[in-house]
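Before any comments, here is the structure.
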Amino acid sequence: MNRLLSIIRKEFIQITRDRRTLVIILVIPIMQLFLMGYSATTDIRNVPLAVLDQCRCAESRALLDAYRAADYFRLAYSVQSEAELRALIERGDARAGILIPPDYNTALARGEAQVAFILDGSDATAGSTTLASATLVGQQHATALMFEKLERSGVDISRLQPPLEVRTRVWYNPDLVSSHFMIPGVIGMILYAVTAVLTASAIVRERERGTIEQLIVTPIRPWELVVGKIIPYVLLAFVDTLEVMAIGHWWFGVPVRGDLTLILACSGLLLLSGLGIGLFASTIANTQQEAMLTVWMTLLPSIFLSGFFFPLEAMPQVLQWISYIVPLRYYLVIIRALLIKGVGLAAIWPETLALAVFGLLILGAAALRFRKRLD
Amino acid sequence: MIQASHLSKSFGSIHAVQDVSLSVAAGEIYGLVGSDGAGKTTTLRLLVGALKADAGEISICGYDVRRQGEQARAQIGYLSQRFSLYEDLTVLENIRFFAELRGLKRDEWLPRCLDILDFVGLSAFKERRAGQLSGGMKQKLGLASALVTRPKVLLLDEPTTGVDPVTRQDFWQLLIRIAAARDVAVLLTTPYMDEASRCHRVGFMRGGRILAEGRPSDLRAALQGRILEARGGPLPELRRRAAEIEGVEDVRPFGDKLHLRVAPGMAESVIAALSDAFPARAGSPLEARLIPPTLEDVFLSLER
């Protein structure tokens, strides 16, 4: 026990002496959070639209006003020819184009008007959202025109009810703000990456600098060495978690609806996996660089397979199966549920159990590999 | 205190240590001597249990290193070849850390640390970061942290390599005092023959084996009357001619002189033959005489 305390104390002295690393540990997560919070968003606003209005009549202006009124589009360019429209989209200046034919008003009167909406599909995510909003705006306008026409022909439209109405109600995140989805993911990623990287490099550093040779000849037990070395970094990782959560809450407005103790407890379970990966890397690597590389090699696939960026349901079946062995996957389900839905343990116990089991397995396997020897 | 028998250790196809046996008694300073790659460091690492031996038995103060590793290690002070303390900790913090790991109590470590720092002459630097010490001071710090728990066995891997001559002298005075006053068994490795001659016993290592072992005086005595020193004339020619004389086993340049190893009882005839081959000339008279053998002569005689 005393030996454990000595190691922890020594490690803390070293951390406080190495100001640069300390700053990196505490500041990098904030930078990542801001980067992800702002960049990793799928909310589409102000898509630049090129307009080729060949009709130039009151009816076509009404249609364009409908698009202008919706937040999604910005009528950025007015062009004279299809070639011009194509050039704008090719250069990427316009992401979409609307083409109104010369006979739009007469065709509208006949009830058979058509307009073309051209979309840059090279960015699939943005494209599909734009497509949906373009269709929606067009259909709403068409419905409005139809009611107008019916009214003119003497029908009392107040008596006309649509036979079916879908009333959507979005729970937990009513405005569907994507940062509410991303920031819990960032918390998980940072927690996992920071512990894995720090654990690996803290242990490998002893080997790299030769100090392990002196430690080996002391009566310290391997578990004391490992636990003592990582406890300070676990504390730092928790500081990072709270830091990211606080900024996520007060800056990005991410709700923290669940019980904070439960959130921290589940984060602790994720740490087991991070520590395990880090410890495992330290048993393979001889230098801090090698350790970093090893950790990153496992980190990147686990981030992609955790549902951090892309929904797991959209992945091929095989990848979905593989994702079951990625601890981060469970944590993301848990943390999103805890923060945004505010559920209790009852709703997330299967994931919590899986996280605990995987954490213990990885850490146990790595600890078995760890030897207090040079060969 | 140190007993090792038939130690072997291979790394892949390299046999770093082969069938090495040695023992060091309390109060004795034993030197493992050999050039780089002879297997000295590996032997030491096997003894402290930092490497696992492929074969052989090691006992330290009666504890089997393999089965009672922690008890054995509690008796060992070890100074590795590379500085292996924390450069970002101060002198005192380093010693305290290793003292605590070795089980010194809260009220024990401080007087003990100050005492040992005084002993090695680092008292004035106790608040200095280890990384800012000179090479010699680092070695003294290493020695201090190895000694702080008063081990019965001290293993030192090339403790004076890269240390200035004055500090080397200090270091040896410390070692001799430690071994004598505290009855510590000291095993050290060195590439230097002058250091080897200060040990109570030495073992010459080459290619992972101990080729010869004994007290320096006994080892030298075996070559008594067989080492000639020759000088005069152009050295390359002298060397070539000397090698052709019957009874000469080996010729080595030693600065501006040659050392000749001759077959037992052949010293007189070789000197005569040398004088014949190089008639005395004015200005560069040939001198050839019997000299007491050095440890270096002993080591070189073990080649092949």
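Every chain in the structure tokens has a letter given in the order shown (A, B, ...), and although residue numbers restart at 1 in each chain, ligands are simply numbered from 1 in the order shown.
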Among segment 35-217 of chain B, which residues carry a DSSP assignment of strand (DSSP E or B), reported as a PyMOL selection string?
chain B and resi 55-60+63-64+76-79+90+129+153-157+185-190+201-206+209-214
Dump as an mmCIF file, in the first residue's frame, selection limited to N, CA and C atoms:
data_model
loop_
_atom_site.group_PDB
_atom_site.id
_atom_site.type_symbol
_atom_site.label_atom_id
_atom_site.label_comp_id
_atom_site.auth_asym_id
_atom_site.auth_seq_id
_atom_site.Cartn_x
_atom_site.Cartn_y
_atom_site.Cartn_z
ATOM 1 N N ALA B 55 18.601 -21.268 -18.160
ATOM 2 C CA ALA B 55 19.000 -22.392 -17.323
ATOM 3 C C ALA B 55 19.869 -21.863 -16.203
ATOM 4 N N GLY B 56 19.967 -22.625 -15.132
ATOM 5 C CA GLY B 56 20.846 -22.250 -14.043
ATOM 6 C C GLY B 56 20.097 -21.838 -12.792
ATOM 7 N N GLU B 57 20.851 -21.775 -11.692
ATOM 8 C CA GLU B 57 20.277 -21.435 -10.391
ATOM 9 C C GLU B 57 20.949 -20.178 -9.863
ATOM 10 N N ILE B 58 20.148 -19.316 -9.235
ATOM 11 C CA ILE B 58 20.708 -18.118 -8.607
ATOM 12 C C ILE B 58 20.165 -18.038 -7.197
ATOM 13 N N SER B 59 21.057 -17.811 -6.253
ATOM 14 C CA SER B 59 20.562 -17.529 -4.916
ATOM 15 C C SER B 59 21.253 -16.280 -4.388
ATOM 16 N N ILE B 60 20.444 -15.396 -3.820
ATOM 17 C CA ILE B 60 20.946 -14.144 -3.243
ATOM 18 C C ILE B 60 20.599 -14.172 -1.769
ATOM 19 N N TYR B 63 18.082 -16.650 -0.853
ATOM 20 C CA TYR B 63 16.780 -16.672 -1.529
ATOM 21 C C TYR B 63 16.961 -17.043 -2.992
ATOM 22 N N ASP B 64 16.128 -17.949 -3.452
ATOM 23 C CA ASP B 64 16.145 -18.330 -4.860
ATOM 24 C C ASP B 64 15.493 -17.197 -5.667
ATOM 25 N N ILE B 76 19.021 -6.580 -2.525
ATOM 26 C CA ILE B 76 19.925 -6.143 -3.588
ATOM 27 C C ILE B 76 19.887 -4.635 -3.784
ATOM 28 N N GLY B 77 21.054 -4.049 -3.917
ATOM 29 C CA GLY B 77 21.154 -2.698 -4.451
ATOM 30 C C GLY B 77 21.745 -2.817 -5.847
ATOM 31 N N TYR B 78 21.121 -2.137 -6.798
ATOM 32 C CA TYR B 78 21.546 -2.344 -8.193
ATOM 33 C C TYR B 78 21.751 -1.011 -8.873
ATOM 34 N N LEU B 79 22.860 -0.886 -9.563
ATOM 35 C CA LEU B 79 23.130 0.329 -10.332
ATOM 36 C C LEU B 79 23.307 -0.100 -11.778
ATOM 37 N N THR B 90 14.147 15.626 -8.049
ATOM 38 C CA THR B 90 15.379 16.086 -7.417
ATOM 39 C C THR B 90 16.121 14.888 -6.825
ATOM 40 N N ARG B 129 17.663 18.925 -9.546
ATOM 41 C CA ARG B 129 17.080 17.880 -10.396
ATOM 42 C C ARG B 129 18.187 16.940 -10.861
ATOM 43 N N VAL B 153 23.757 -7.037 -0.750
ATOM 44 C CA VAL B 153 24.377 -7.346 -2.038
ATOM 45 C C VAL B 153 24.297 -6.102 -2.913
ATOM 46 N N LEU B 154 25.416 -5.759 -3.527
ATOM 47 C CA LEU B 154 25.440 -4.587 -4.393
ATOM 48 C C LEU B 154 25.912 -5.019 -5.782
ATOM 49 N N LEU B 155 25.070 -4.763 -6.779
ATOM 50 C CA LEU B 155 25.427 -5.128 -8.149
ATOM 51 C C LEU B 155 25.586 -3.839 -8.954
ATOM 52 N N LEU B 156 26.765 -3.631 -9.526
ATOM 53 C CA LEU B 156 27.047 -2.372 -10.218
ATOM 54 C C LEU B 156 27.482 -2.664 -11.652
ATOM 55 N N ASP B 157 26.752 -2.112 -12.600
ATOM 56 C CA ASP B 157 27.066 -2.369 -13.998
ATOM 57 C C ASP B 157 27.855 -1.194 -14.575
ATOM 58 N N ALA B 185 28.413 -7.735 -0.144
ATOM 59 C CA ALA B 185 29.001 -8.429 -1.286
ATOM 60 C C ALA B 185 28.827 -7.541 -2.513
ATOM 61 N N VAL B 186 29.932 -7.137 -3.144
ATOM 62 C CA VAL B 186 29.860 -6.230 -4.284
ATOM 63 C C VAL B 186 30.263 -6.987 -5.549
ATOM 64 N N LEU B 187 29.388 -6.922 -6.551
ATOM 65 C CA LEU B 187 29.733 -7.499 -7.848
ATOM 66 C C LEU B 187 29.635 -6.363 -8.854
ATOM 67 N N LEU B 188 30.743 -6.082 -9.526
ATOM 68 C CA LEU B 188 30.691 -4.998 -10.498
ATOM 69 C C LEU B 188 31.272 -5.462 -11.825
ATOM 70 N N THR B 189 30.898 -4.768 -12.872
ATOM 71 C CA THR B 189 31.483 -5.065 -14.177
ATOM 72 C C THR B 189 32.316 -3.865 -14.577
ATOM 73 N N THR B 190 33.357 -4.115 -15.320
ATOM 74 C CA THR B 190 34.195 -3.011 -15.781
ATOM 75 C C THR B 190 34.966 -3.429 -17.025
ATOM 76 N N ARG B 201 38.556 -10.280 -6.245
ATOM 77 C CA ARG B 201 38.621 -11.351 -7.238
ATOM 78 C C ARG B 201 38.062 -10.840 -8.552
ATOM 79 N N VAL B 202 38.544 -11.385 -9.660
ATOM 80 C CA VAL B 202 37.989 -11.004 -10.958
ATOM 81 C C VAL B 202 37.633 -12.249 -11.760
ATOM 82 N N GLY B 203 36.683 -12.057 -12.663
ATOM 83 C CA GLY B 203 36.366 -13.102 -13.625
ATOM 84 C C GLY B 203 36.471 -12.474 -15.003
ATOM 85 N N PHE B 204 37.225 -13.071 -15.881
ATOM 86 C CA PHE B 204 37.352 -12.547 -17.240
ATOM 87 C C PHE B 204 36.274 -13.159 -18.111
ATOM 88 N N MET B 205 35.487 -12.302 -18.737
ATOM 89 C CA MET B 205 34.378 -12.801 -19.565
ATOM 90 C C MET B 205 34.630 -12.523 -21.025
ATOM 91 N N ARG B 206 34.232 -13.486 -21.840
ATOM 92 C CA ARG B 206 34.293 -13.301 -23.285
ATOM 93 C C ARG B 206 33.279 -14.246 -23.910
ATOM 94 N N ARG B 209 31.071 -16.410 -21.681
ATOM 95 C CA ARG B 209 31.648 -17.375 -20.727
ATOM 96 C C ARG B 209 32.659 -16.700 -19.819
ATOM 97 N N ILE B 210 32.827 -17.260 -18.628
ATOM 98 C CA ILE B 210 33.924 -16.818 -17.775
ATOM 99 C C ILE B 210 35.125 -17.695 -18.109
ATOM 100 N N LEU B 211 36.183 -17.061 -18.650
ATOM 101 C CA LEU B 211 37.333 -17.836 -19.125
ATOM 102 C C LEU B 211 38.313 -18.132 -18.001
ATOM 103 N N ALA B 212 38.443 -17.182 -17.090
ATOM 104 C CA ALA B 212 39.364 -17.394 -15.981
ATOM 105 C C ALA B 212 38.844 -16.603 -14.805
ATOM 106 N N GLU B 213 39.174 -17.070 -13.605
ATOM 107 C CA GLU B 213 38.650 -16.422 -12.419
ATOM 108 C C GLU B 213 39.668 -16.576 -11.309
ATOM 109 N N GLY B 214 39.802 -15.570 -10.485
ATOM 110 C CA GLY B 214 40.709 -15.704 -9.356
ATOM 111 C C GLY B 214 41.104 -14.363 -8.810
#
Name the residues of segment 218-270 of chain B that fall into helix (DSSP H, G or I) according to DSSP on the backbone, using the chain letters and numbers of this document, as an MDAnalysis selection string.
chainID B and resid 218:221 235:244 267:270
So which residues touch Leu353 of chain A within 10 Å, counting only C-alpha atoms, skipping near sequence neighbours fewer than 4 positions away, as an MDAnalysis selection string?
chainID A and resid 266 269 330 348:349 357:359
Take the residues that were just selected and, keeping C-alpha atoms, output them as a compact mmCIF listing (two decimals), in the first residue's frame.
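Final file, result-v1.txt:
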# COMPACT_ATOMS: atom_id res chain seq x y z
CA CYS A 266 -20.32 4.59 -16.42
CA LEU A 269 -16.29 1.65 -16.72
CA TYR A 330 -21.77 0.75 -25.52
CA ILE A 348 -29.19 1.03 -19.99
CA TRP A 349 -28.13 -1.92 -17.88
CA VAL A 357 -17.32 -7.06 -18.95
CA PHE A 358 -15.26 -5.83 -21.89
CA GLY A 359 -13.33 -3.44 -19.69
Could you write out as a list in words the residues of chain B within 8 Å of chain A, counting only C-alpha atoms?
Val48, Gly49, Ala50, Leu51, Lys52, Glu70, Gln71, Arg73, Ala74, Ile76, Gly77, Tyr78, Leu79, Ser80, Arg82, Phe83, Ser84, Leu85, Tyr86, Asp88, Leu89, Phe97, Phe98, Glu100, Leu101, Arg102 and Gly103 of chain B
Selection to disk with C-alpha atoms, as a compact mmCIF listing (two decimals), in the first residue's frame:
# COMPACT_ATOMS: atom_id res chain seq x y z
CA VAL B 48 18.75 -9.25 -10.22
CA GLY B 49 15.93 -11.09 -11.98
CA ALA B 50 15.41 -8.39 -14.62
CA LEU B 51 15.91 -11.16 -17.17
CA LYS B 52 14.85 -14.74 -16.80
CA GLU B 70 10.85 -10.22 -4.05
CA GLN B 71 12.69 -11.39 -0.93
CA ARG B 73 15.42 -8.21 -4.46
CA ALA B 74 14.91 -6.72 -1.04
CA ILE B 76 19.92 -6.14 -3.59
CA GLY B 77 21.15 -2.70 -4.45
CA TYR B 78 21.55 -2.34 -8.19
CA LEU B 79 23.13 0.33 -10.33
CA SER B 80 22.44 -0.15 -14.01
CA ARG B 82 22.47 3.51 -18.08
CA PHE B 83 21.36 6.19 -15.63
CA SER B 84 18.02 4.87 -14.52
CA LEU B 85 16.75 7.37 -12.02
CA TYR B 86 14.24 10.11 -12.77
CA ASP B 88 12.82 15.32 -13.54
CA LEU B 89 12.92 14.53 -9.83
CA PHE B 97 11.09 7.24 -3.92
CA PHE B 98 13.34 4.22 -4.07
CA GLU B 100 9.89 3.99 0.04
CA LEU B 101 9.52 1.35 -2.63
CA ARG B 102 11.98 -0.72 -0.68
CA GLY B 103 9.83 -0.42 2.40
Which is closest to Gly37 of chain A among A:Pro102, A:Gly92, A:Gly253, A:Gly154, if we use only C-alpha atoms?
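Residue with the minimum atom-to-atom distance to Gly37 of chain A: A:Gly253.
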Separation of atom CA of Ala76 of chain A from atom CA of Ala126 of chain A in Å:
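Pair atom CA of Ala126 of chain A / atom CA of Ala76 of chain A returns 17.4 Å.
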Do you know which residues are at most 7 Å from segment 78-86 of chain A counting only C-alpha atoms, after dropping those on the same chain fewer than 6 positions away, and could you put them as a list in words?
Ala50, Val51, Leu52 and Gly97 of chain A
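Between atom CA of His6 of chain B and atom CA of Gly208 of chain B lies a distance of 11.6 Å.
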Please provide as a list in words all residues within 12 Å of Ala58 of chain A, with the sequence filter that same-chain residues fewer than 5 positions apart are discarded (counting only C-alpha atoms).
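Skipping anything fewer than 5 positions along the chain leaves Asp53, Leu63, Leu64, Asp65, Tyr104, Asn105, Thr106 and Leu108 of chain A.
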